[in-house]
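Chemist: Input structure: data_2.txt, which contains compact mmCIF, C-alpha atoms and all ligand atoms.
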```
# COMPACT_ATOMS: atom_id res chain seq x y z
CA MET A 1 172.89 53.33 46.38
CA MET A 2 174.99 55.01 43.72
CA THR A 3 176.80 52.89 41.24
CA VAL A 4 180.44 53.59 40.66
CA GLN A 5 179.54 54.84 37.23
CA ILE A 6 177.07 57.40 38.49
CA ARG A 7 179.57 58.50 41.09
CA LYS A 8 182.12 59.01 38.36
CA LYS A 9 179.64 61.01 36.31
CA ILE A 10 178.82 63.21 39.27
CA GLY A 11 182.52 63.59 39.89
CA VAL A 12 183.12 64.77 36.33
CA LEU A 13 180.14 67.09 36.55
CA LEU A 14 181.35 68.63 39.78
CA ALA A 15 184.86 69.02 38.42
CA GLY A 16 183.37 70.80 35.42
CA MET A 17 181.32 73.08 37.62
CA ALA A 18 184.33 73.83 39.78
CA ALA A 19 186.28 74.81 36.69
CA VAL A 20 183.47 77.10 35.54
CA LEU A 21 183.20 78.64 38.98
CA ALA A 22 186.95 79.10 39.19
CA ILE A 23 186.87 80.99 35.90
CA LEU A 24 183.92 83.04 37.06
CA PHE A 25 185.60 83.96 40.30
CA VAL A 26 188.93 84.78 38.76
CA ASP A 27 187.21 87.03 36.31
CA MET A 28 184.45 88.26 38.57
CA PRO A 29 184.76 91.75 39.74
CA ASP A 30 184.69 92.19 43.38
CA ALA A 31 183.01 95.26 42.07
CA HIS A 32 183.83 97.84 44.67
CA ALA A 33 186.39 100.55 45.09
CA GLU A 34 188.97 99.01 42.82
CA TYR A 35 186.82 99.79 39.80
CA GLY A 36 186.13 103.33 40.79
CA ASP A 37 187.68 106.18 38.89
CA VAL A 38 191.20 106.85 40.03
CA VAL A 39 192.18 110.49 40.34
CA ILE A 40 195.92 110.88 39.82
CA ASN A 41 197.39 114.09 41.05
CA ASN A 42 201.02 113.72 42.04
CA TYR A 43 202.21 116.40 39.66
CA SER A 44 199.24 117.84 37.76
CA ASP A 45 198.14 120.62 40.10
CA VAL A 46 201.68 121.79 40.63
CA ALA A 47 202.21 121.80 36.86
CA GLY A 48 199.04 123.85 36.33
CA MET A 49 197.12 120.96 34.75
CA ARG A 50 193.84 119.51 35.92
CA PRO A 51 194.27 116.23 37.81
CA VAL A 52 194.00 113.07 35.71
CA VAL A 53 190.86 110.96 35.98
CA PHE A 54 191.45 107.33 35.05
CA PRO A 55 188.15 105.49 34.57
CA HIS A 56 189.09 102.04 35.81
CA TRP A 57 185.87 100.22 34.96
CA PHE A 58 185.80 101.61 31.44
CA HIS A 59 189.25 100.08 30.87
CA ARG A 60 188.55 96.97 32.86
CA ILE A 61 185.74 95.87 30.55
CA ARG A 62 188.13 96.13 27.60
CA PHE A 63 191.33 94.66 29.05
CA ARG A 64 192.33 92.08 31.61
CA CYS A 65 194.01 93.14 34.82
CA LYS A 66 197.19 91.46 33.70
CA VAL A 67 197.62 93.72 30.67
CA CYS A 68 198.09 96.76 32.86
CA HIS A 69 199.12 95.44 36.23
CA ALA A 70 201.62 92.86 35.00
CA ASP A 71 202.63 93.59 31.41
CA LEU A 72 202.60 97.40 31.68
CA GLY A 73 203.75 97.46 35.29
CA PHE A 74 201.04 99.64 36.85
CA LYS A 75 201.24 99.16 40.63
CA PHE A 76 197.96 98.50 42.40
CA GLN A 77 197.93 101.83 44.12
CA ALA A 78 196.22 105.07 43.28
CA GLY A 79 199.02 107.53 42.65
CA GLY A 80 201.59 104.79 43.18
CA ASN A 81 203.16 105.08 39.75
CA GLU A 82 205.43 107.92 38.85
CA ILE A 83 203.71 108.83 35.61
CA ASN A 84 204.65 111.85 33.59
CA MET A 85 204.24 113.02 30.02
CA VAL A 86 207.74 112.09 28.88
CA LYS A 87 207.02 108.48 29.84
CA ILE A 88 203.58 108.56 28.24
CA ILE A 89 204.86 109.94 24.96
CA ASP A 90 207.64 107.35 25.18
CA GLY A 91 204.97 104.62 25.20
CA GLN A 92 204.98 103.76 28.90
CA PHE A 93 201.97 103.58 31.23
CA CYS A 94 198.93 105.22 29.58
CA GLY A 95 201.09 105.78 26.52
CA ALA A 96 201.29 102.06 25.79
CA CYS A 97 197.76 102.39 24.40
CA HIS A 98 197.14 106.12 24.11
CA ASN A 99 199.44 106.37 21.14
CA GLY A 100 196.98 107.11 18.36
CA GLU A 101 196.78 103.43 17.47
CA ILE A 102 195.18 101.36 20.21
CA ALA A 103 193.50 104.46 21.62
CA TRP A 104 193.54 108.19 20.94
CA SER A 105 196.85 109.97 21.30
CA PRO A 106 198.37 112.06 24.11
CA GLU A 107 197.53 115.29 22.31
CA ASN A 108 194.03 115.07 23.75
CA CYS A 109 195.13 116.62 27.02
CA ASN A 110 191.67 117.36 28.33
CA LEU A 111 190.38 113.82 27.97
CA CYS A 112 192.83 112.69 30.68
CA HIS A 113 193.34 115.95 32.56
CA SER A 114 189.66 116.29 33.33
CA GLY A 115 189.56 116.42 37.13
CA LYS A 116 188.50 119.35 39.24
CA PRO A 117 191.60 121.35 40.09
CA GLY A 118 192.74 120.61 43.62
CA THR A 119 191.24 117.08 43.78
CA LYS A 120 193.69 114.85 45.64
CA THR A 121 194.91 111.47 44.39
CA GLN A 122 192.17 109.01 45.32
CA VAL A 123 189.81 106.28 44.20
CA HIS A 124 186.21 107.25 44.05
CA GLU A 125 183.03 105.57 43.02
CA SER A 126 182.53 105.19 39.31
CA THR A 127 179.30 106.22 37.65
CA ILE A 128 180.30 104.33 34.52
CA GLN A 129 180.46 101.19 36.59
CA LYS A 130 176.90 101.67 37.75
CA LEU A 131 175.68 102.14 34.21
CA ALA A 132 177.65 99.19 32.89
CA GLN A 133 176.55 96.83 35.60
CA PRO A 134 173.12 97.34 37.08
CA ALA A 135 172.53 95.67 40.43
CA GLY A 136 171.98 91.96 40.11
CA ALA A 137 173.17 91.69 36.53
CA PRO A 138 175.88 89.17 35.87
CA ALA A 139 179.38 90.54 35.52
CA LYS A 140 180.31 91.59 32.03
CA LYS A 141 183.29 89.76 30.69
C1 LIG A 201 193.94 99.67 31.29
C2 LIG A 201 194.73 99.42 32.43
C3 LIG A 201 194.16 98.73 33.64
C4 LIG A 201 193.44 97.56 33.73
C5 LIG A 201 192.97 96.66 32.60
C6 LIG A 201 193.21 97.33 35.13
N1 LIG A 201 193.76 98.34 35.87
FE1 LIG A 201 193.79 98.49 37.87
N2 LIG A 201 194.67 100.33 37.75
C7 LIG A 201 195.09 100.91 36.57
C8 LIG A 201 195.61 102.23 36.87
C9 LIG A 201 196.15 103.21 35.85
C10 LIG A 201 195.49 102.41 38.24
C11 LIG A 201 195.88 103.66 39.03
C12 LIG A 201 197.37 103.65 39.20
C13 LIG A 201 197.92 104.98 39.61
O1 LIG A 201 197.18 105.83 40.13
O2 LIG A 201 199.11 105.21 39.39
C14 LIG A 201 194.91 101.18 38.78
C15 LIG A 201 194.67 100.96 40.11
C16 LIG A 201 194.24 99.76 40.63
C17 LIG A 201 194.11 99.47 42.03
C18 LIG A 201 194.43 100.43 43.14
C19 LIG A 201 193.32 101.42 43.32
C20 LIG A 201 192.50 101.05 44.47
O3 LIG A 201 191.32 100.71 44.29
O4 LIG A 201 193.04 101.11 45.57
C21 LIG A 201 193.64 98.20 42.14
C22 LIG A 201 193.34 97.44 43.41
C23 LIG A 201 193.46 97.69 40.79
N3 LIG A 201 193.84 98.67 39.90
C24 LIG A 201 192.98 96.44 40.49
C25 LIG A 201 192.71 96.01 39.20
C26 LIG A 201 192.10 94.72 38.89
C27 LIG A 201 191.73 93.67 39.93
C28 LIG A 201 191.95 94.68 37.53
C29 LIG A 201 191.31 93.61 36.68
C30 LIG A 201 190.08 93.04 37.16
C31 LIG A 201 192.48 95.92 36.99
N4 LIG A 201 192.92 96.69 38.03
C32 LIG A 201 192.53 96.24 35.65
C33 LIG A 201 195.03 100.36 35.33
C34 LIG A 201 194.35 99.21 34.99
C1 LIG A 202 196.30 109.38 28.21
C2 LIG A 202 196.19 110.30 29.31
C3 LIG A 202 196.92 111.60 29.25
C4 LIG A 202 196.90 112.54 28.25
C5 LIG A 202 196.15 112.48 26.95
C6 LIG A 202 197.70 113.63 28.70
N1 LIG A 202 198.19 113.38 29.94
FE1 LIG A 202 199.39 114.59 31.02
N2 LIG A 202 199.48 113.19 32.48
C7 LIG A 202 198.82 111.99 32.50
C8 LIG A 202 199.10 111.32 33.74
C9 LIG A 202 198.52 109.99 34.17
C10 LIG A 202 199.95 112.15 34.47
C11 LIG A 202 200.44 111.97 35.92
C12 LIG A 202 199.46 112.77 36.76
C13 LIG A 202 199.91 113.15 38.13
O1 LIG A 202 200.53 112.37 38.81
O2 LIG A 202 199.59 114.30 38.55
C14 LIG A 202 200.18 113.32 33.65
C15 LIG A 202 200.98 114.39 34.03
C16 LIG A 202 201.12 115.55 33.33
C17 LIG A 202 201.94 116.69 33.76
C18 LIG A 202 202.80 116.75 35.01
C19 LIG A 202 203.98 115.81 34.88
C20 LIG A 202 204.89 116.20 33.75
O3 LIG A 202 205.07 115.38 32.83
O4 LIG A 202 205.38 117.35 33.72
C21 LIG A 202 201.81 117.66 32.81
C22 LIG A 202 202.46 119.03 32.81
C23 LIG A 202 200.92 117.14 31.79
N3 LIG A 202 200.53 115.86 32.14
C24 LIG A 202 200.54 117.83 30.67
C25 LIG A 202 199.80 117.28 29.63
C26 LIG A 202 199.52 117.98 28.39
C27 LIG A 202 199.91 119.40 28.08
C28 LIG A 202 198.80 117.11 27.61
C29 LIG A 202 198.32 117.30 26.20
C30 LIG A 202 199.31 117.72 25.25
C31 LIG A 202 198.62 115.87 28.38
N4 LIG A 202 199.26 116.02 29.58
C32 LIG A 202 197.93 114.78 27.95
C33 LIG A 202 198.00 111.51 31.51
C34 LIG A 202 197.74 112.15 30.32
C1 LIG A 203 195.80 98.76 27.80
C2 LIG A 203 195.48 99.95 27.05
C3 LIG A 203 195.19 101.23 27.77
C4 LIG A 203 195.92 101.82 28.78
C5 LIG A 203 197.17 101.32 29.45
C6 LIG A 203 195.23 103.05 29.11
N1 LIG A 203 194.14 103.20 28.31
FE1 LIG A 203 192.79 104.70 28.40
N2 LIG A 203 191.71 103.85 26.92
C7 LIG A 203 192.07 102.74 26.22
C8 LIG A 203 191.11 102.49 25.17
C9 LIG A 203 191.15 101.37 24.14
C10 LIG A 203 190.15 103.50 25.27
C11 LIG A 203 188.96 103.72 24.36
C12 LIG A 203 189.40 104.60 23.26
C13 LIG A 203 188.33 104.92 22.29
O1 LIG A 203 187.15 104.81 22.61
O2 LIG A 203 188.73 105.33 21.18
C14 LIG A 203 190.56 104.34 26.40
C15 LIG A 203 189.85 105.45 26.82
C16 LIG A 203 190.24 106.29 27.84
C17 LIG A 203 189.49 107.41 28.34
C18 LIG A 203 188.12 107.84 27.84
C19 LIG A 203 187.06 107.13 28.63
C20 LIG A 203 185.67 107.46 28.13
O3 LIG A 203 184.76 107.56 28.97
O4 LIG A 203 185.49 107.62 26.91
C21 LIG A 203 190.25 108.02 29.29
C22 LIG A 203 189.88 109.25 30.10
C23 LIG A 203 191.47 107.26 29.41
N3 LIG A 203 191.43 106.21 28.52
C24 LIG A 203 192.50 107.59 30.27
C25 LIG A 203 193.61 106.79 30.48
C26 LIG A 203 194.68 107.11 31.42
C27 LIG A 203 194.74 108.35 32.26
C28 LIG A 203 195.55 106.07 31.38
C29 LIG A 203 196.79 105.87 32.21
C30 LIG A 203 196.68 106.09 33.65
C31 LIG A 203 195.04 105.11 30.41
N4 LIG A 203 193.89 105.60 29.89
C32 LIG A 203 195.66 103.92 30.09
C33 LIG A 203 193.17 101.94 26.45
C34 LIG A 203 194.10 102.13 27.46
```
Turn this file's structure into structure tokens for me.
Modeler:
Amino acid sequence: MMTVQIRKKIGVLLAGMAAVLAILFVDMPDAHAEYGDVVINNYSDVAGMRPVVFPHWFHRIRFRCKVCHADLGFKFQAGGNEINMVKIIDGQFCGACHNGEIAWSPENCNLCHSGKPGTKTQVHESTIQKLAQPAGAPAKK
């Protein structure tokens, strides 16, 4: 028979565990397609530039989802944001960080415009993700 006190202790313990689990799950990557590299090619090909490759996982391990998807307004859709260079240089989208302060500046065209010409807008598997998170390893925070 459990005493009330022990029950209370178990209760507190479980509540603690639930809180830890909640944090883990909120922060835990459902590490599939959403962390793949996103190829963005709404305008690049037409403009004679290579498509943009956005390494999602690389950014994800440095910033929380909220920074980009809430604060900076990136929609959760590959190619779903009308991004162009005027906006970037104006400090929107990628340009909120790629401004020569938080990250290297927009002059480094080839670092973003690195896709194979003709690659359509899409999400594809990230190799960085595999390197950063070997199978079975706990999620990096
Ligand atoms: C540094 C900025 C940044 C961070 C941090 C970030 N994302 Fe993204 N995410 C993007 C960009 C950019 C795209 C592509 C948008 C586009 O193509 O216009 C994207 C696309 C997506 C997509 C759509 C692509 C797909 O798989 O269909 C999902 C879903 C997504 N992000 C989820 C997340 C989640 C969940 C987190 C946090 C765990 C996160 N993102 C963190 C910038 C970010
Ligand atoms: C930080 C990443 C980044 C850098 C650096 C960058 N771009 Fe872009 N650029 C983008 C993104 C994202 C888009 C939207 C891609 C699309 O939808 O095709 C884009 C679109 C474009 C477009 C088509 C839309 C428009 O604005 O006319 C041109 C042209 C372009 N970039 C040229 C350049 C040149 C030239 C440089 C270097 C001086 C450069 N970009 C550097 C991310 C970048
Ligand atoms: C919230 C800030 C933030 C936003 C938004 C952001 N980046 Fe970055 N990005 C970074 C930082 C920080 C680095 C690391 C810079 C360094 O190592 O000096 C980086 C690095 C990169 C790299 C190099 C990855 C590597 O393997 O070295 C690419 C490519 C890149 N960003 C593209 C983009 C594109 C394209 C966008 C917009 C679609 C974007 N970034 C939006 C912060 C951001």
Chemist: Please check which protein, DNA or RNA residues sit within 9 Å of ligand LIG 203 (chain A), counting all atoms listed in the file, and write them as a PyMOL selection string.
Modeler: chain A and resi 38-40+52-56+58-59+62-64+67-68+72+74+81+83+88+92-98+100-104+110-114+128
Chemist: Write out the residues from the selection above, keeping C-alpha atoms, as a PDB file, in the coordinates of the input.
Modeler:
```pdb
ATOM      1  CA  VAL A  38     191.200 106.850  40.030  1.00  0.00           C
ATOM      2  CA  VAL A  39     192.180 110.490  40.340  1.00  0.00           C
ATOM      3  CA  ILE A  40     195.920 110.880  39.820  1.00  0.00           C
ATOM      4  CA  VAL A  52     194.000 113.070  35.710  1.00  0.00           C
ATOM      5  CA  VAL A  53     190.860 110.960  35.980  1.00  0.00           C
ATOM      6  CA  PHE A  54     191.450 107.330  35.050  1.00  0.00           C
ATOM      7  CA  PRO A  55     188.150 105.490  34.570  1.00  0.00           C
ATOM      8  CA  HIS A  56     189.090 102.040  35.810  1.00  0.00           C
ATOM      9  CA  PHE A  58     185.800 101.610  31.440  1.00  0.00           C
ATOM     10  CA  HIS A  59     189.250 100.080  30.870  1.00  0.00           C
ATOM     11  CA  ARG A  62     188.130  96.130  27.600  1.00  0.00           C
ATOM     12  CA  PHE A  63     191.330  94.660  29.050  1.00  0.00           C
ATOM     13  CA  ARG A  64     192.330  92.080  31.610  1.00  0.00           C
ATOM     14  CA  VAL A  67     197.620  93.720  30.670  1.00  0.00           C
ATOM     15  CA  CYS A  68     198.090  96.760  32.860  1.00  0.00           C
ATOM     16  CA  LEU A  72     202.600  97.400  31.680  1.00  0.00           C
ATOM     17  CA  PHE A  74     201.040  99.640  36.850  1.00  0.00           C
ATOM     18  CA  ASN A  81     203.160 105.080  39.750  1.00  0.00           C
ATOM     19  CA  ILE A  83     203.710 108.830  35.610  1.00  0.00           C
ATOM     20  CA  ILE A  88     203.580 108.560  28.240  1.00  0.00           C
ATOM     21  CA  GLN A  92     204.980 103.760  28.900  1.00  0.00           C
ATOM     22  CA  PHE A  93     201.970 103.580  31.230  1.00  0.00           C
ATOM     23  CA  CYS A  94     198.930 105.220  29.580  1.00  0.00           C
ATOM     24  CA  GLY A  95     201.090 105.780  26.520  1.00  0.00           C
ATOM     25  CA  ALA A  96     201.290 102.060  25.790  1.00  0.00           C
ATOM     26  CA  CYS A  97     197.760 102.390  24.400  1.00  0.00           C
ATOM     27  CA  HIS A  98     197.140 106.120  24.110  1.00  0.00           C
ATOM     28  CA  GLY A 100     196.980 107.110  18.360  1.00  0.00           C
ATOM     29  CA  GLU A 101     196.780 103.430  17.470  1.00  0.00           C
ATOM     30  CA  ILE A 102     195.180 101.360  20.210  1.00  0.00           C
ATOM     31  CA  ALA A 103     193.500 104.460  21.620  1.00  0.00           C
ATOM     32  CA  TRP A 104     193.540 108.190  20.940  1.00  0.00           C
ATOM     33  CA  ASN A 110     191.670 117.360  28.330  1.00  0.00           C
ATOM     34  CA  LEU A 111     190.380 113.820  27.970  1.00  0.00           C
ATOM     35  CA  CYS A 112     192.830 112.690  30.680  1.00  0.00           C
ATOM     36  CA  HIS A 113     193.340 115.950  32.560  1.00  0.00           C
ATOM     37  CA  SER A 114     189.660 116.290  33.330  1.00  0.00           C
ATOM     38  CA  ILE A 128     180.300 104.330  34.520  1.00  0.00           C
TER      39      ILE A 128
END
```
Chemist: I need the residue nearest ligand LIG 201 (chain A) from this list: A:Met85, A:Ala70, A:Val46, A:Ala78. Use all atoms listed in the file for the distance.
Modeler: A:Ala78
Chemist: For ligand LIG 201 (chain A), which of A:Arg60, A:Lys87, A:Lys116, A:His124 is the closest residue, counting only C-alpha atoms and all ligand atoms?
Modeler: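 Under the stated criterion, the closest residue is A:Arg60.
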Chemist: Just how far from atom O3 of ligand LIG 201 (chain A) is atom CA of A:Tyr35, in Å to one decimal?
Modeler: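 Between atom CA of A:Tyr35 and atom O3 of ligand LIG 201 (chain A) the gap works out to 6.4 Å.
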Chemist: Padding of 8 Å on every side, edges along x, y and z, all listed atoms of ligand LIG 201 (chain A) included: what centre and edge lengths in Å, to one decimal, does that box have, as JSON?
Modeler:
```
{"center_x": 194.6, "center_y": 99.4, "center_z": 38.4, "size_x": 25.0, "size_y": 28.8, "size_z": 30.3}
```
Chemist: Mind giving me the straight-line distance from atom C34 of ligand LIG 202 (chain A) to atom CA of A:Gly91 in Å, one decimal?
Modeler: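 It comes out at 11.6 Å.
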Chemist: Generate N, CA, C and O atoms for stretch 101-115 of chain A and emit them as a short mmCIF file (atom, residue, chain, number, x, y, z; two decimals), keeping the file's coordinate frame.
Modeler:
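Result file selection-v1.cif:
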```
data_model
loop_
_atom_site.label_atom_id
_atom_site.label_comp_id
_atom_site.auth_asym_id
_atom_site.auth_seq_id
_atom_site.Cartn_x
_atom_site.Cartn_y
_atom_site.Cartn_z
N GLU A 101 197.05 104.69 18.16
CA GLU A 101 196.78 103.43 17.47
C GLU A 101 195.76 102.60 18.22
O GLU A 101 194.64 102.42 17.77
N ILE A 102 196.12 102.14 19.42
CA ILE A 102 195.18 101.36 20.21
C ILE A 102 194.09 102.29 20.75
O ILE A 102 192.92 101.93 20.81
N ALA A 103 194.46 103.45 21.14
CA ALA A 103 193.50 104.46 21.62
C ALA A 103 194.03 105.85 21.21
O ALA A 103 195.19 105.98 20.79
N TRP A 104 193.18 106.83 21.37
CA TRP A 104 193.54 108.19 20.94
C TRP A 104 194.85 108.66 21.61
O TRP A 104 195.23 108.19 22.67
N SER A 105 195.47 109.61 20.97
CA SER A 105 196.85 109.97 21.30
C SER A 105 196.96 110.98 22.46
O SER A 105 195.97 111.60 22.85
N PRO A 106 198.15 111.16 22.98
CA PRO A 106 198.37 112.06 24.11
C PRO A 106 198.06 113.54 23.84
O PRO A 106 198.01 114.33 24.77
N GLU A 107 197.87 113.87 22.58
CA GLU A 107 197.53 115.29 22.31
C GLU A 107 196.20 115.71 22.91
O GLU A 107 195.94 116.90 23.07
N ASN A 108 195.36 114.74 23.22
CA ASN A 108 194.03 115.07 23.75
C ASN A 108 194.11 115.31 25.26
O ASN A 108 193.50 114.58 26.06
N CYS A 109 194.85 116.35 25.61
CA CYS A 109 195.13 116.62 27.02
C CYS A 109 193.88 116.54 27.90
O CYS A 109 193.89 115.91 28.96
N ASN A 110 192.82 117.20 27.46
CA ASN A 110 191.67 117.36 28.33
C ASN A 110 190.90 116.08 28.60
O ASN A 110 190.15 116.00 29.57
N LEU A 111 191.09 115.08 27.74
CA LEU A 111 190.38 113.82 27.97
C LEU A 111 190.95 113.11 29.21
O LEU A 111 190.22 112.40 29.90
N CYS A 112 192.22 113.29 29.47
CA CYS A 112 192.83 112.69 30.68
C CYS A 112 192.86 113.70 31.83
O CYS A 112 192.53 113.36 32.96
N HIS A 113 193.24 114.91 31.52
CA HIS A 113 193.34 115.95 32.56
C HIS A 113 191.97 116.60 32.72
O HIS A 113 191.77 117.73 32.32
N SER A 114 191.04 115.83 33.29
CA SER A 114 189.66 116.29 33.33
C SER A 114 189.15 116.51 34.75
O SER A 114 187.98 116.80 34.95
N GLY A 115 190.01 116.30 35.74
CA GLY A 115 189.56 116.42 37.13
C GLY A 115 189.38 117.86 37.58
O GLY A 115 189.86 118.79 36.93
#
```
